[in-house]
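Q: Here it is: the structure, laid out below.
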Amino acid sequence: MSSAQRQDLVVFGDHSVISDQIFQNGFHHLITITASPFTSPTWLINSLVESQILGRPYSLNSDSSAVQGHSRPVTVGSFVHEPQLFHNALGKLKVSPQKYKVVDLVTDLVAKSLGKPKNRLYNDILQQFPLQAQSVIVLEQPELLLSLLEGSTSDEIHSQLIAPLMKRCSVLILATNIYNDGEDTTRDSLELSRFTLGCIYKSIAIMSLRPLETGRASDVTGTLRITRGGACSPVHVLENEYLYLNQKETTRLFYR
Amino acid sequence: MSGSNSNATILLKRVLSLNEFSPLILCIDSIAQTANYVLEEILYNASKNGQISVIYVSFESVNCPSYAAKFIDVESVGFSRLSQAISSYLPSSPPATSSPKHIVIVDSMNHIPKNQVAQLMASISSKNVTVLGVYHRDIPEISDPTLEHYPSVLSLLYFMATTVLEVNPILSNDLDEEELKDELVKYLIPRGLNNSKFQLTLTNRRKSGRSLIHNFYVDSNTHNYEVVREIKDDDQDEDENPEALQDLTTFNLSTSTKQKIAKDQVALPFLEAQSFNTGGAIVYQFEKDDDYDEEDPYEDPF
């Protein structure tokens, strides 16, 4: 791939990654990232956080055709990664740690939940995220709660965690791992499917990461497809498909 | 044909403008094409026809749509008090002719427990109210072991609804239905779906019990409805084109008229079983290669 083919990450019709218009009128929106164990979304989460703090994802967008947005408060919470991972990655992207907050949802989550009613546990998680208009919250793999909390259901996570979290910010970016085995009709599998589809119906945009169908390649890691979600977006979503290449320090995007 | 097409379009317009009375209009959608555009189309047509008052019952959305006069967040109200909350916004007595039409939009019927669907619908349905219920057909239903033999939520809603609107995307040339299905199973939405132009299947149940089913292409930007012309595959198969079979091989692939008549006259073996003249006996004819053992009682075909 020649460097001339390299492209900027643009999600909305006004050539922005997350359009300023989405933050107007006091609405709350959801953007879903679907990924698989072979295509970790960490690089995309870091780029989106960078774009919200610095106004543009400089690590992805080499030139200046993408629109410079406003700087916004960002809170990141992950059920799989420790906060240090985000501090290290965002430090490398020269994002000041004062401009974002990382919530630790990994350490002793199950131990803390013992003997507690589930609604109190959801409330404890919610209280760690600041209630702030015009802000962005990033949440990674909340579907793990289906396995971590006994008796939890997809509808319960949506109603007691996802919806209240959306009300605490203007944009919630939710990264979820997809699991698709058509022949698996166990309750756990159906709950996971229900969770993922629930996110898609609520979202204004879907960012799908998937590996190459042809196998492994040294110059392409996978594909990123941006499409409209089930909810109406106030700004037109630019439906695009990119090839991406994760390198040691950076990620490069190419139009497909 | 053109007469029935115009009748279908008139029926759709009557349904969308809520002139055809229906206590429950069921909108079935999927992640490939959600029901948002068809809801907007109903509200556009109904508001042209007179004043409307919309109560939005939300299981999914946290934002109150601009068209909604009242917004009920089910999580805040609690499901047990939902019907009471909805009824409090509806007129108790039959309204005067000049009063607005009441529409209750439920953004996702998938979240209603199946043993309470009928109860909820009965408590809010009345002559003055139309319920627009959205059901996402790809969200799997979690089975309840205590309600093992109870019908699914979709079956119940389908039974109760007098009008069913099913939305599907209009596929581009480079995507067929099988490819779309393969992608959606992997939660991948192909580009160009969830569009303002979509396909709509209208099922309207008459008072006589007869169901009318029509397919339309709907453009919600221009509010234009076009009846889908169905191509009959059977007719195409019958019209064999001998020219298309020429020069393909050295064999003769076409059939002459005489051969076609002979083919139609062949009595297929299974027709014997349908004649019922033999009083239910098994029709079995030995062939020379059949290995029949007289000693083995299980091998006796009679």
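As shown in the structure tokens, the chain order sets the letters A, B, ...; within each chain, residues go from 1, and ligands are also counted from 1 in the order they appear.
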Produce a table with one row for each residue of region 38-120 of chain B that has an atom at most 12 Å from any atom of region 188-199 of chain B, each row naming the nearest atom pair and its distance in Å at one decimal; use only C-alpha atoms; arrange rows by chain and rising residue number; format as a Markdown table.

A:
```
| residue | atom | partner | partner_atom | distance |
| --- | --- | --- | --- | --- |
| B:Val38 | CA | B:Ser196 | CA | 9.0 |
| B:Leu39 | CA | B:Ser196 | CA | 11.6 |
| B:Glu40 | CA | B:Ser196 | CA | 10.3 |
| B:Glu41 | CA | B:Ser196 | CA | 10.2 |
```

Q: Per residue of region 172-255 of chain B within 9 Å of region 10-18 of chain B, what are the shortest atom pair and its distance in Å to one decimal, counting only C-alpha atoms, with rows by chain and residue number, as CSV?

A:
```
residue,atom,partner,partner_atom,distance
B:Leu202,CA,B:Leu12,CA,7.4
B:Asn204,CA,B:Val15,CA,8.5
B:His214,CA,B:Leu12,CA,8.7
B:Phe216,CA,B:Leu12,CA,8.9
B:Tyr225,CA,B:Leu12,CA,8.4
```

Q: Just want the 10 Å neighbourhood of region 115-118 of chain A, counted on only C-alpha atoms, with same-chain residues fewer than 4 positions away dropped. Output as a PDB file with C-alpha atoms, in the first residue's frame.

A:
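And here's result_39.pdb as it stands now:
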```
ATOM      1  CA  ALA A 111     -15.481  -9.351  44.880  1.00  0.00           C
ATOM      2  CA  TYR A 122     -25.183  -0.866  38.717  1.00  0.00           C
ATOM      3  CA  ASN A 123     -25.651   2.342  40.664  1.00  0.00           C
ATOM      4  CA  ASP A 124     -22.088   2.128  42.059  1.00  0.00           C
ATOM      5  CA  LEU A 149     -23.141 -11.116  37.685  1.00  0.00           C
ATOM      6  CA  GLU A 150     -25.295 -14.120  38.349  1.00  0.00           C
ATOM      7  CA  GLY A 151     -28.800 -13.845  36.966  1.00  0.00           C
ATOM      8  CA  SER A 152     -28.120 -10.649  35.025  1.00  0.00           C
ATOM      9  CA  GLU A 156     -31.413  -5.357  32.800  1.00  0.00           C
ATOM     10  CA  GLN A 160     -30.026  -0.102  34.475  1.00  0.00           C
TER      11      GLN A 160
END
```

Q: Chain B residues within 9 Å of chain A, counting only C-alpha atoms: which ones, as a ChimeraX atom specification?

A: /B:30-36,59-64,75,111,136,138-143,185-195

Q: Apply DSSP to the backbone of this structure and, from region 3-249 of chain A, keep only the residues in alpha helix (DSSP H); write these as number ranges by chain.

A: A: 42-54, 83-92, 109-113, 118-127, 145-148, 154-157, 163-167, 187-202
